[in-house]
>>> print(open('query_7.tsv').read())   # TSV, C-alpha atoms and all ligand atoms
chain	number	residue	atom	x	y	z
A	1	MET	CA	7.03	-29.48	-1.46
A	2	LEU	CA	7.79	-25.95	-0.31
A	3	GLU	CA	5.42	-23.16	-1.38
A	4	VAL	CA	5.58	-19.44	-0.69
A	5	HIS	CA	2.18	-17.77	-1.07
A	6	VAL	CA	2.55	-14.00	-1.33
A	7	LEU	CA	-1.03	-12.97	-0.54
A	8	ALA	CA	-0.44	-9.22	-0.16
A	9	SER	CA	2.66	-7.04	-0.23
A	10	GLY	CA	2.95	-3.27	0.24
A	11	SER	CA	1.66	-0.42	2.37
A	12	ASP	CA	-1.98	-1.55	1.93
A	13	GLY	CA	-1.16	-4.72	3.84
A	14	ASN	CA	1.30	-7.59	3.98
A	15	CYS	CA	0.62	-11.31	4.36
A	16	THR	CA	2.66	-14.31	3.23
A	17	VAL	CA	2.16	-18.01	3.93
A	18	ILE	CA	5.03	-20.50	3.77
A	19	GLN	CA	3.79	-24.04	3.33
A	20	PHE	CA	6.07	-27.04	3.82
A	21	GLU	CA	4.45	-30.40	3.05
A	22	ASP	CA	1.12	-30.30	4.90
A	23	ARG	CA	1.90	-27.58	7.50
A	24	ALA	CA	2.32	-23.83	7.14
A	25	VAL	CA	3.12	-20.55	8.88
A	26	MET	CA	1.78	-17.09	8.14
A	27	ILE	CA	4.01	-14.02	8.21
A	28	ASP	CA	2.24	-10.77	9.05
A	29	ALA	CA	-1.48	-10.09	8.76
A	30	GLY	CA	-1.88	-6.48	7.67
A	31	LEU	CA	-5.34	-7.03	6.17
A	32	SER	CA	-8.66	-8.08	7.67
A	33	TYR	CA	-9.33	-11.76	8.36
A	34	LYS	CA	-12.10	-11.64	5.74
A	35	LYS	CA	-9.72	-10.38	3.06
A	36	ILE	CA	-6.94	-12.80	4.07
A	37	ARG	CA	-9.39	-15.71	4.01
A	38	GLU	CA	-10.47	-14.72	0.49
A	39	LEU	CA	-6.84	-14.55	-0.67
A	40	MET	CA	-6.04	-17.91	0.96
A	41	ASN	CA	-9.05	-19.53	-0.75
A	42	PHE	CA	-8.03	-17.99	-4.05
A	43	ASN	CA	-4.48	-19.34	-3.71
A	44	GLY	CA	-5.53	-22.74	-2.40
A	45	VAL	CA	-4.10	-22.30	1.08
A	46	ASP	CA	-5.87	-24.48	3.63
A	47	GLU	CA	-6.20	-22.30	6.71
A	48	SER	CA	-6.28	-25.33	9.01
A	49	ALA	CA	-2.68	-26.07	7.93
A	50	ILE	CA	-1.38	-22.87	9.54
A	51	ASP	CA	0.42	-23.45	12.83
A	52	ALA	CA	1.49	-19.91	13.80
A	53	LEU	CA	1.36	-16.24	12.84
A	54	LEU	CA	4.84	-14.66	12.79
A	55	ILE	CA	5.07	-10.87	13.02
A	56	THR	CA	7.95	-8.87	11.54
A	57	HIS	CA	7.16	-5.55	13.23
A	58	GLU	CA	4.30	-3.50	14.63
A	59	HIS	CA	3.42	-1.22	11.69
A	60	SER	CA	-0.26	-1.43	10.79
A	61	ASP	CA	0.38	-2.74	7.25
A	62	HIS	CA	1.82	-5.84	9.01
A	63	ILE	CA	-0.42	-6.28	12.07
A	64	GLY	CA	-3.73	-4.62	11.06
A	65	GLY	CA	-5.65	-7.91	11.15
A	66	ALA	CA	-3.23	-9.95	13.25
A	67	GLY	CA	-5.20	-10.27	16.50
A	68	VAL	CA	-8.41	-11.33	14.74
A	69	VAL	CA	-6.56	-13.65	12.33
A	70	ALA	CA	-4.72	-15.39	15.19
A	71	ARG	CA	-8.00	-15.88	17.08
A	72	LYS	CA	-9.94	-17.09	14.00
A	73	LEU	CA	-7.18	-19.52	13.02
A	74	GLY	CA	-6.61	-20.55	16.65
A	75	VAL	CA	-2.84	-20.09	16.32
A	76	PRO	CA	-0.26	-18.33	18.48
A	77	ILE	CA	1.27	-14.99	17.54
A	78	MET	CA	5.06	-15.34	17.47
A	79	CYS	CA	7.26	-12.23	17.64
A	80	ASN	CA	9.90	-10.75	19.87
A	81	GLN	CA	8.90	-9.10	23.15
A	82	ASN	CA	9.59	-5.52	21.98
A	83	THR	CA	7.36	-5.99	18.94
A	84	PHE	CA	4.65	-7.56	21.09
A	85	ASP	CA	4.82	-4.67	23.58
A	86	ALA	CA	4.56	-2.11	20.75
A	87	SER	CA	1.48	-3.87	19.29
A	88	ASP	CA	-2.09	-4.31	20.43
A	89	PHE	CA	-3.28	-7.74	19.38
A	90	GLY	CA	-6.03	-8.05	22.00
A	91	ALA	CA	-6.37	-11.43	23.72
A	92	VAL	CA	-4.07	-13.81	21.86
A	93	ASN	CA	-1.94	-16.80	22.61
A	94	TYR	CA	1.55	-15.23	22.57
A	95	SER	CA	4.65	-17.30	21.95
A	96	PRO	CA	7.78	-15.13	22.35
A	97	ILE	CA	10.78	-15.48	20.07
A	98	VAL	CA	14.26	-13.93	20.25
A	99	THR	CA	16.07	-12.26	17.35
A	100	LEU	CA	18.85	-14.55	16.05
A	101	HIS	CA	17.55	-17.55	18.04
A	102	SER	CA	16.05	-20.18	15.78
A	103	PHE	CA	12.90	-22.15	16.55
A	104	THR	CA	10.88	-24.86	14.79
A	105	VAL	CA	7.32	-24.52	13.52
A	106	ALA	CA	5.55	-26.44	10.73
A	107	GLY	CA	8.59	-28.67	10.33
A	108	MET	CA	10.83	-25.73	9.43
A	109	ASN	CA	13.75	-24.23	11.28
A	110	ILE	CA	12.99	-20.50	11.45
A	111	LEU	CA	15.59	-17.83	12.20
A	112	PRO	CA	14.49	-14.26	12.99
A	113	LEU	CA	17.04	-11.79	11.62
A	114	PRO	CA	17.48	-8.11	12.55
A	115	THR	CA	16.37	-5.52	9.99
A	116	SER	CA	16.93	-1.75	10.08
A	117	HIS	CA	13.56	0.02	10.29
A	118	ASN	CA	11.75	2.61	12.39
A	119	ALA	CA	10.08	0.01	14.59
A	120	ALA	CA	10.73	-1.46	18.06
A	121	GLU	CA	12.70	-4.57	17.03
A	122	PRO	CA	11.97	-5.42	13.39
A	123	ASN	CA	12.77	-8.88	11.98
A	124	ALA	CA	13.17	-10.66	8.67
A	125	PHE	CA	12.76	-14.46	8.69
A	126	LEU	CA	14.81	-17.25	7.17
A	127	PHE	CA	12.95	-20.57	6.80
A	128	ASP	CA	14.98	-23.75	6.44
A	129	THR	CA	13.38	-27.09	5.57
A	130	GLY	CA	16.75	-28.85	5.75
A	131	ASP	CA	16.78	-28.93	1.95
A	132	LYS	CA	15.56	-25.47	0.84
A	133	LYS	CA	15.74	-21.99	2.34
A	134	VAL	CA	13.31	-19.10	1.99
A	135	LEU	CA	14.08	-15.55	3.05
A	136	VAL	CA	11.33	-12.99	3.66
A	137	ALA	CA	12.94	-9.57	4.17
A	138	THR	CA	10.99	-6.33	3.82
A	139	ASP	CA	10.86	-3.01	5.66
A	140	THR	CA	14.57	-2.42	6.06
A	141	GLY	CA	16.43	0.80	5.26
A	142	LYS	CA	19.63	-1.09	4.66
A	143	LEU	CA	20.75	-4.65	4.31
A	144	THR	CA	21.95	-5.89	7.69
A	145	TYR	CA	24.87	-8.30	7.71
A	146	GLN	CA	22.59	-11.14	8.81
A	147	VAL	CA	20.01	-10.52	6.08
A	148	GLU	CA	22.77	-10.25	3.48
A	149	HIS	CA	24.12	-13.64	4.53
A	150	ALA	CA	20.64	-15.18	4.42
A	151	LEU	CA	20.06	-13.66	0.98
A	152	SER	CA	23.24	-15.32	-0.28
A	153	GLU	CA	21.99	-18.79	0.68
A	154	ALA	CA	18.25	-18.52	-0.04
A	155	ASP	CA	16.56	-20.63	-2.71
A	156	ILE	CA	13.63	-18.20	-2.70
A	157	ALA	CA	14.13	-14.59	-1.61
A	158	VAL	CA	11.17	-12.29	-1.05
A	159	ILE	CA	13.00	-9.00	-0.79
A	160	GLU	CA	11.92	-5.40	-0.63
A	161	ALA	CA	12.15	-3.06	-3.62
A	162	ASN	CA	10.07	-0.26	-2.10
A	163	TYR	CA	10.75	2.86	-4.10
A	164	ASP	CA	12.33	4.48	-7.11
A	165	LYS	CA	14.44	7.37	-5.81
A	166	HIS	CA	13.34	9.80	-8.51
A	167	MET	CA	9.65	8.97	-8.06
A	168	LEU	CA	10.06	9.44	-4.31
A	169	ASP	CA	11.82	12.80	-4.77
A	170	VAL	CA	9.14	14.23	-7.06
A	171	GLY	CA	6.23	12.32	-5.47
A	172	PRO	CA	3.39	13.44	-3.21
A	173	TYR	CA	4.90	12.57	0.19
A	174	PRO	CA	5.90	15.37	2.60
A	175	LEU	CA	9.65	15.96	2.95
A	176	CYS	CA	9.93	14.40	6.44
A	177	LEU	CA	8.30	11.16	5.24
A	178	ARG	CA	10.48	11.08	2.10
A	179	GLN	CA	13.56	11.49	4.28
A	180	LEU	CA	12.43	8.69	6.61
A	181	ILE	CA	11.72	6.28	3.73
A	182	ASP	CA	15.12	7.05	2.18
A	183	SER	CA	16.99	6.68	5.52
A	184	GLU	CA	18.81	3.71	7.05
A	185	VAL	CA	15.67	2.93	9.10
A	186	GLY	CA	13.25	3.31	6.21
A	187	HIS	CA	12.84	1.10	3.17
A	188	MET	CA	15.07	-0.34	0.43
A	189	SER	CA	15.03	1.41	-2.94
A	190	ASN	CA	15.04	-0.50	-6.21
A	191	VAL	CA	18.76	0.29	-6.54
A	192	ALA	CA	19.57	-0.87	-2.99
A	193	CYS	CA	17.60	-4.08	-3.60
A	194	ALA	CA	19.45	-4.65	-6.89
A	195	GLU	CA	22.83	-4.06	-5.30
A	196	ALA	CA	22.00	-6.52	-2.52
A	197	ILE	CA	21.01	-9.15	-5.08
A	198	LYS	CA	24.12	-8.49	-7.16
A	199	LYS	CA	26.43	-8.68	-4.15
A	200	THR	CA	25.01	-12.07	-3.15
A	201	MET	CA	24.59	-13.47	-6.69
A	202	ASN	CA	23.26	-17.00	-6.67
A	203	ASP	CA	22.04	-18.43	-9.97
A	204	LYS	CA	19.65	-20.96	-8.46
A	205	ARG	CA	17.80	-18.38	-6.40
A	206	GLN	CA	14.26	-17.16	-7.24
A	207	ILE	CA	13.78	-13.47	-6.52
A	208	PHE	CA	10.45	-11.93	-5.65
A	209	LEU	CA	10.36	-8.13	-5.37
A	210	ALA	CA	8.19	-7.16	-2.41
A	211	HIS	CA	6.57	-4.21	-0.64
A	212	LEU	CA	6.55	-2.00	-3.77
A	213	SER	CA	5.23	1.47	-3.01
A	214	LYS	CA	2.04	2.36	-4.91
A	215	LYS	CA	3.02	6.05	-5.04
A	216	ASN	CA	6.79	5.86	-5.45
A	217	ASN	CA	7.28	2.79	-7.63
A	218	THR	CA	5.71	0.63	-10.33
A	219	PRO	CA	6.23	-3.08	-11.06
A	220	ASP	CA	7.90	-2.15	-14.38
A	221	THR	CA	10.24	0.39	-12.79
A	222	ALA	CA	11.28	-2.06	-10.08
A	223	ARG	CA	11.90	-4.91	-12.54
A	224	ASP	CA	13.76	-2.65	-15.01
A	225	THR	CA	16.09	-1.22	-12.37
A	226	VAL	CA	16.85	-4.57	-10.75
A	227	SER	CA	17.34	-6.24	-14.13
A	228	LYS	CA	19.72	-3.52	-15.36
A	229	ILE	CA	21.91	-3.61	-12.26
A	230	THR	CA	21.95	-7.36	-11.65
A	231	GLY	CA	21.83	-8.66	-15.23
A	232	ILE	CA	18.96	-11.00	-14.22
A	233	LYS	CA	16.46	-11.26	-17.08
A	234	ARG	CA	13.43	-9.09	-16.53
A	235	TYR	CA	10.91	-11.94	-16.87
A	236	LYS	CA	12.66	-13.78	-14.03
A	237	LEU	CA	11.95	-10.91	-11.62
A	238	ASP	CA	8.48	-11.33	-10.24
A	239	CYS	CA	6.32	-9.02	-8.12
A	240	LEU	CA	2.63	-8.39	-7.47
A	241	GLU	CA	1.17	-6.39	-10.35
A	242	PHE	CA	-2.05	-4.89	-8.93
A	243	ALA	CA	-4.19	-4.68	-5.80
A	244	GLY	CA	-5.54	-8.17	-5.03
A	245	ASP	CA	-2.82	-9.92	-7.06
A	246	THR	CA	-1.21	-12.97	-5.38
A	247	ARG	CA	1.63	-15.30	-6.24
A	248	VAL	CA	2.86	-18.82	-5.44
A	249	LEU	CA	6.59	-19.54	-5.57
A	250	LYS	CA	7.72	-23.17	-5.37
A	251	ALA	CA	11.02	-24.81	-4.50
A	301	ZN	ZN	5.53	-2.31	5.71
A	302	ZN	ZN	7.24	-0.93	8.41
>>> encode(input="query_7.tsv", output="structure tokens")
Amino acid sequence: MLEVHVLASGSDGNCTVIQFEDRAVMIDAGLSYKKIRELMNFNGVDESAIDALLITHEHSDHIGGAGVVARKLGVPIMCNQNTFDASDFGAVNYSPIVTLHSFTVAGMNILPLPTSHNAAEPNAFLFDTGDKKVLVATDTGKLTYQVEHALSEADIAVIEANYDKHMLDVGPYPLCLRQLIDSEVGHMSNVACAEAIKKTMNDKRQIFLAHLSKKNNTPDTARDTVSKITGIKRYKLDCLEFAGDTRVLKA
């Protein structure tokens, strides 16, 4: 059994657990250990099953609780050297990884893929159990070739639909931040996400829309836009609906 627990997704904090049989890995810990523990309990994730904490990049919504979480769980932090150097995890057990070099944790083959984002060396991750594949790809201003390929073969894809362009344009953010979000090293819009899904169409794939902006997007707007462009029925496009919401996807 392969389970993807989306415990938090967005600028208030990101944390996902991928569980394969009786082992698991956590991706990002942008919330406090206390909050993550609550969310894990709520979702039925056994924290003793977690073997490692993978980090996508050093922004605080991804690493805010990472040092404490790694120490409390007694697991290594795994990320590339540039991300580690740009972060301050405190005293942790660090296990370096290299972008595009796969490694095995929790019985899964894990491939770190390059994303395009204003961070030191940001990564998406493709998890392969030998039978099923899960892609977790957020915080990328454009779809890199490698993420596009992974998206085409994923059974479950957690992919960013960060903002609605109109909401961003008329929203509260200062111009420089709006320009950064909308740039090639920012985030993926609902339209960009939809076009990526359409380009890699795969009927068996489950799509989860991730990292929705609270200010520049709504769950309905994201689902409507992606549904219109891809033709995927709206009810099949899932995302977190409110603060504290969580989800389990199974393959
Ligand atoms: Zn983020
Ligand atoms: Zn980021």
>>> residues_around(input="query_7.tsv", residues="Gln146 (chain A)", least_positions_apart="3", cutoff="8 Å", atoms="all atoms listed in the file", output="list in words")
Leu113, Pro114, His149 and Ala150 of chain A
>>> residues_around(input="query_7.tsv", residues="region 167-178 of chain A", least_positions_apart="2", cutoff="8 Å", atoms="all atoms listed in the file", output="list of chain:residue names")
A:Tyr163, A:Asp164, A:Lys165, A:Leu180, A:Ile181, A:Asp182, A:Lys215, A:Asn216, A:Asn217
>>> write_last_selection(input="query_7.tsv", atoms="C-alpha atoms", output="CSV table (one decimal), keeping the file's coordinate frame")
chain,number,residue,atom,x,y,z
A,163,TYR,CA,10.8,2.9,-4.1
A,164,ASP,CA,12.3,4.5,-7.1
A,165,LYS,CA,14.4,7.4,-5.8
A,180,LEU,CA,12.4,8.7,6.6
A,181,ILE,CA,11.7,6.3,3.7
A,182,ASP,CA,15.1,7.0,2.2
A,215,LYS,CA,3.0,6.0,-5.0
A,216,ASN,CA,6.8,5.9,-5.4
A,217,ASN,CA,7.3,2.8,-7.6
>>> closest_residue(input="query_7.tsv", among="A:Gly10, A:Gly130, A:Gly231, A:Gly67", to="Asn162 (chain A)", atoms="all atoms listed in the file")
A:Gly10
>>> closest_atom_pairs(input="query_7.tsv", of="chain A", to="ligand ZN 301 (chain A)", cutoff="8 Å", atoms="all atoms listed in the file", output="CSV")
residue,atom,partner,partner_atom,distance
A:Gly10,CA,A:ZN301,ZN,6.1
A:Ser11,CA,A:ZN301,ZN,5.5
A:Gly13,CA,A:ZN301,ZN,7.4
A:Asn14,CA,A:ZN301,ZN,7.0
A:His59,CA,A:ZN301,ZN,6.4
A:Ser60,CA,A:ZN301,ZN,7.8
A:Asp61,CA,A:ZN301,ZN,5.4
A:His62,CA,A:ZN301,ZN,6.1
A:Thr138,CA,A:ZN301,ZN,7.0
A:Asp139,CA,A:ZN301,ZN,5.4
A:His211,CA,A:ZN301,ZN,6.7
>>> atom_distance(input="query_7.tsv", atom1="CA of Pro76 (chain A)", atom2="CA of Tyr94 (chain A)")
5.4 Å
>>> residues_near_point(input="query_7.tsv", point="(-8.8, -8.4, 10.4)", cutoff="8 Å", atoms="only C-alpha atoms", output="MDAnalysis selection string")
chainID A and resid 29:36 64:69
>>> write_last_selection(input="query_7.tsv", atoms="C-alpha atoms", output="PDB file, keeping the file's coordinate frame")
ATOM      1  CA  ALA A  29      -1.480 -10.090   8.760  1.00  0.00           C
ATOM      2  CA  GLY A  30      -1.880  -6.480   7.670  1.00  0.00           C
ATOM      3  CA  LEU A  31      -5.340  -7.030   6.170  1.00  0.00           C
ATOM      4  CA  SER A  32      -8.660  -8.080   7.670  1.00  0.00           C
ATOM      5  CA  TYR A  33      -9.330 -11.760   8.360  1.00  0.00           C
ATOM      6  CA  LYS A  34     -12.100 -11.640   5.740  1.00  0.00           C
ATOM      7  CA  LYS A  35      -9.720 -10.380   3.060  1.00  0.00           C
ATOM      8  CA  ILE A  36      -6.940 -12.800   4.070  1.00  0.00           C
ATOM      9  CA  GLY A  64      -3.730  -4.620  11.060  1.00  0.00           C
ATOM     10  CA  GLY A  65      -5.650  -7.910  11.150  1.00  0.00           C
ATOM     11  CA  ALA A  66      -3.230  -9.950  13.250  1.00  0.00           C
ATOM     12  CA  GLY A  67      -5.200 -10.270  16.500  1.00  0.00           C
ATOM     13  CA  VAL A  68      -8.410 -11.330  14.740  1.00  0.00           C
ATOM     14  CA  VAL A  69      -6.560 -13.650  12.330  1.00  0.00           C
TER      15      VAL A  69
END
>>> atom_distance(input="query_7.tsv", atom1="CA of Ala196 (chain A)", atom2="CA of Pro219 (chain A)")
18.3 Å
>>> closest_residue(input="query_7.tsv", among="A:Ile159, A:Ile63, A:Leu126, A:Val191", to="ligand ZN 302 (chain A)", atoms="all atoms listed in the file")
A:Ile63
>>> atom_distance(input="query_7.tsv", atom1="CA of Lys214 (chain A)", atom2="CA of Met188 (chain A)")
14.3 Å
>>> axis_aligned_box(input="query_7.tsv", around="region 27-39 of chain A", padding_each_side="4 Å", output="lines of an AutoDock Vina configuration file")
center_x = -4.0
center_y = -11.1
center_z = 4.2
size_x = 24.1
size_y = 17.2
size_z = 17.7
>>> residues_around(input="query_7.tsv", residues="Cys15 (chain A)", least_positions_apart="2", cutoff="6 Å", atoms="all atoms listed in the file", output="PyMOL selection string")
chain A and resi 7-8+27-29
>>> residues_around(input="query_7.tsv", residues="region 20-26 of chain A", least_positions_apart="3", cutoff="8 Å", atoms="all atoms listed in the file", output="ChimeraX atom specification")
/A:1-3,15-17,29,49-54,105-108,129
>>> residues_near_point(input="query_7.tsv", point="(6.3, -9.3, -3.9)", cutoff="9 Å", atoms="only C-alpha atoms", output="list in words")
Val6, Leu7, Ala8, Ser9, Gly10, Val158, Ile159, Glu160, Ala161, Ile207, Phe208, Leu209, Ala210, His211, Leu212, Asp238, Cys239, Leu240, Glu241, Thr246 and Arg247 of chain A
>>> closest_residue(input="query_7.tsv", among="A:His57, A:Arg234, A:His5, A:Lys199", to="Pro112 (chain A)", atoms="all atoms listed in the file")
A:His57
>>> closest_residue(input="query_7.tsv", among="A:Ile18, A:Ile156, A:Ala194, A:Ala120", to="ligand ZN 302 (chain A)", atoms="only C-alpha atoms and all ligand atoms")
A:Ala120
>>> closest_residue(input="query_7.tsv", among="A:Lys72, A:His187, A:Lys133, A:Arg37", to="ligand ZN 302 (chain A)", atoms="only C-alpha atoms and all ligand atoms")
A:His187
>>> closest_residue(input="query_7.tsv", among="A:Gly44, A:Ile110, A:Val185, A:Val136", to="ligand ZN 302 (chain A)", atoms="all atoms listed in the file")
A:Val185
>>> residues_around(input="query_7.tsv", residues="Glu184 (chain A)", least_positions_apart="6", cutoff="12 Å", atoms="all atoms listed in the file", output="compact mmCIF listing (two decimals) with C-alpha atoms, in the coordinates of the input")
# COMPACT_ATOMS: atom_id res chain seq x y z
CA THR A 115 16.37 -5.52 9.99
CA SER A 116 16.93 -1.75 10.08
CA HIS A 117 13.56 0.02 10.29
CA ASN A 118 11.75 2.61 12.39
CA ASP A 139 10.86 -3.01 5.66
CA THR A 140 14.57 -2.42 6.06
CA GLY A 141 16.43 0.80 5.26
CA LYS A 142 19.63 -1.09 4.66
CA LEU A 143 20.75 -4.65 4.31
CA THR A 144 21.95 -5.89 7.69
CA ALA A 192 19.57 -0.87 -2.99
>>> build_atoms(input="query_7.tsv", residues="region 94-113 of chain A", atoms="N, CA and C atoms", output="PDB file, keeping the file's coordinate frame")
ATOM      1  N   TYR A  94       0.268 -15.818  22.991  1.00  0.00           N
ATOM      2  CA  TYR A  94       1.550 -15.230  22.570  1.00  0.00           C
ATOM      3  C   TYR A  94       2.690 -16.194  22.838  1.00  0.00           C
ATOM      4  N   SER A  95       3.493 -16.429  21.813  1.00  0.00           N
ATOM      5  CA  SER A  95       4.650 -17.300  21.950  1.00  0.00           C
ATOM      6  C   SER A  95       5.899 -16.477  21.610  1.00  0.00           C
ATOM      7  N   PRO A  96       6.657 -16.038  22.620  1.00  0.00           N
ATOM      8  CA  PRO A  96       7.780 -15.130  22.350  1.00  0.00           C
ATOM      9  C   PRO A  96       8.927 -15.798  21.611  1.00  0.00           C
ATOM     10  N   ILE A  97       9.572 -15.024  20.748  1.00  0.00           N
ATOM     11  CA  ILE A  97      10.780 -15.480  20.070  1.00  0.00           C
ATOM     12  C   ILE A  97      11.876 -14.437  20.306  1.00  0.00           C
ATOM     13  N   VAL A  98      13.115 -14.804  20.005  1.00  0.00           N
ATOM     14  CA  VAL A  98      14.260 -13.930  20.250  1.00  0.00           C
ATOM     15  C   VAL A  98      15.036 -13.770  18.950  1.00  0.00           C
ATOM     16  N   THR A  99      15.319 -12.527  18.583  1.00  0.00           N
ATOM     17  CA  THR A  99      16.070 -12.260  17.350  1.00  0.00           C
ATOM     18  C   THR A  99      17.374 -13.060  17.361  1.00  0.00           C
ATOM     19  N   LEU A 100      17.655 -13.731  16.253  1.00  0.00           N
ATOM     20  CA  LEU A 100      18.850 -14.550  16.050  1.00  0.00           C
ATOM     21  C   LEU A 100      18.850 -15.876  16.815  1.00  0.00           C
ATOM     22  N   HIS A 101      17.698 -16.222  17.413  1.00  0.00           N
ATOM     23  CA  HIS A 101      17.550 -17.550  18.040  1.00  0.00           C
ATOM     24  C   HIS A 101      16.526 -18.342  17.222  1.00  0.00           C
ATOM     25  N   SER A 102      16.956 -19.449  16.656  1.00  0.00           N
ATOM     26  CA  SER A 102      16.050 -20.180  15.780  1.00  0.00           C
ATOM     27  C   SER A 102      15.056 -21.012  16.579  1.00  0.00           C
ATOM     28  N   PHE A 103      13.945 -21.328  15.950  1.00  0.00           N
ATOM     29  CA  PHE A 103      12.900 -22.150  16.550  1.00  0.00           C
ATOM     30  C   PHE A 103      12.273 -22.985  15.429  1.00  0.00           C
ATOM     31  N   THR A 104      11.484 -23.985  15.803  1.00  0.00           N
ATOM     32  CA  THR A 104      10.880 -24.860  14.790  1.00  0.00           C
ATOM     33  C   THR A 104       9.363 -24.752  14.843  1.00  0.00           C
ATOM     34  N   VAL A 105       8.776 -24.492  13.684  1.00  0.00           N
ATOM     35  CA  VAL A 105       7.320 -24.520  13.520  1.00  0.00           C
ATOM     36  C   VAL A 105       7.044 -25.100  12.142  1.00  0.00           C
ATOM     37  N   ALA A 106       5.980 -25.867  12.013  1.00  0.00           N
ATOM     38  CA  ALA A 106       5.550 -26.440  10.730  1.00  0.00           C
ATOM     39  C   ALA A 106       6.684 -27.221  10.060  1.00  0.00           C
ATOM     40  N   GLY A 107       7.510 -27.842  10.872  1.00  0.00           N
ATOM     41  CA  GLY A 107       8.590 -28.670  10.330  1.00  0.00           C
ATOM     42  C   GLY A 107       9.756 -27.888   9.759  1.00  0.00           C
ATOM     43  N   MET A 108       9.741 -26.563   9.958  1.00  0.00           N
ATOM     44  CA  MET A 108      10.830 -25.730   9.430  1.00  0.00           C
ATOM     45  C   MET A 108      11.608 -25.094  10.577  1.00  0.00           C
ATOM     46  N   ASN A 109      12.909 -24.974  10.357  1.00  0.00           N
ATOM     47  CA  ASN A 109      13.750 -24.230  11.280  1.00  0.00           C
ATOM     48  C   ASN A 109      13.643 -22.766  10.864  1.00  0.00           C
ATOM     49  N   ILE A 110      13.260 -21.896  11.796  1.00  0.00           N
ATOM     50  CA  ILE A 110      12.990 -20.500  11.450  1.00  0.00           C
ATOM     51  C   ILE A 110      13.918 -19.596  12.259  1.00  0.00           C
ATOM     52  N   LEU A 111      14.628 -18.719  11.544  1.00  0.00           N
ATOM     53  CA  LEU A 111      15.590 -17.830  12.200  1.00  0.00           C
ATOM     54  C   LEU A 111      15.153 -16.382  12.008  1.00  0.00           C
ATOM     55  N   PRO A 112      14.825 -15.683  13.105  1.00  0.00           N
ATOM     56  CA  PRO A 112      14.490 -14.260  12.990  1.00  0.00           C
ATOM     57  C   PRO A 112      15.779 -13.429  12.901  1.00  0.00           C
ATOM     58  N   LEU A 113      15.830 -12.570  11.880  1.00  0.00           N
ATOM     59  CA  LEU A 113      17.040 -11.790  11.620  1.00  0.00           C
ATOM     60  C   LEU A 113      16.743 -10.305  11.861  1.00  0.00           C
TER      61      LEU A 113
END
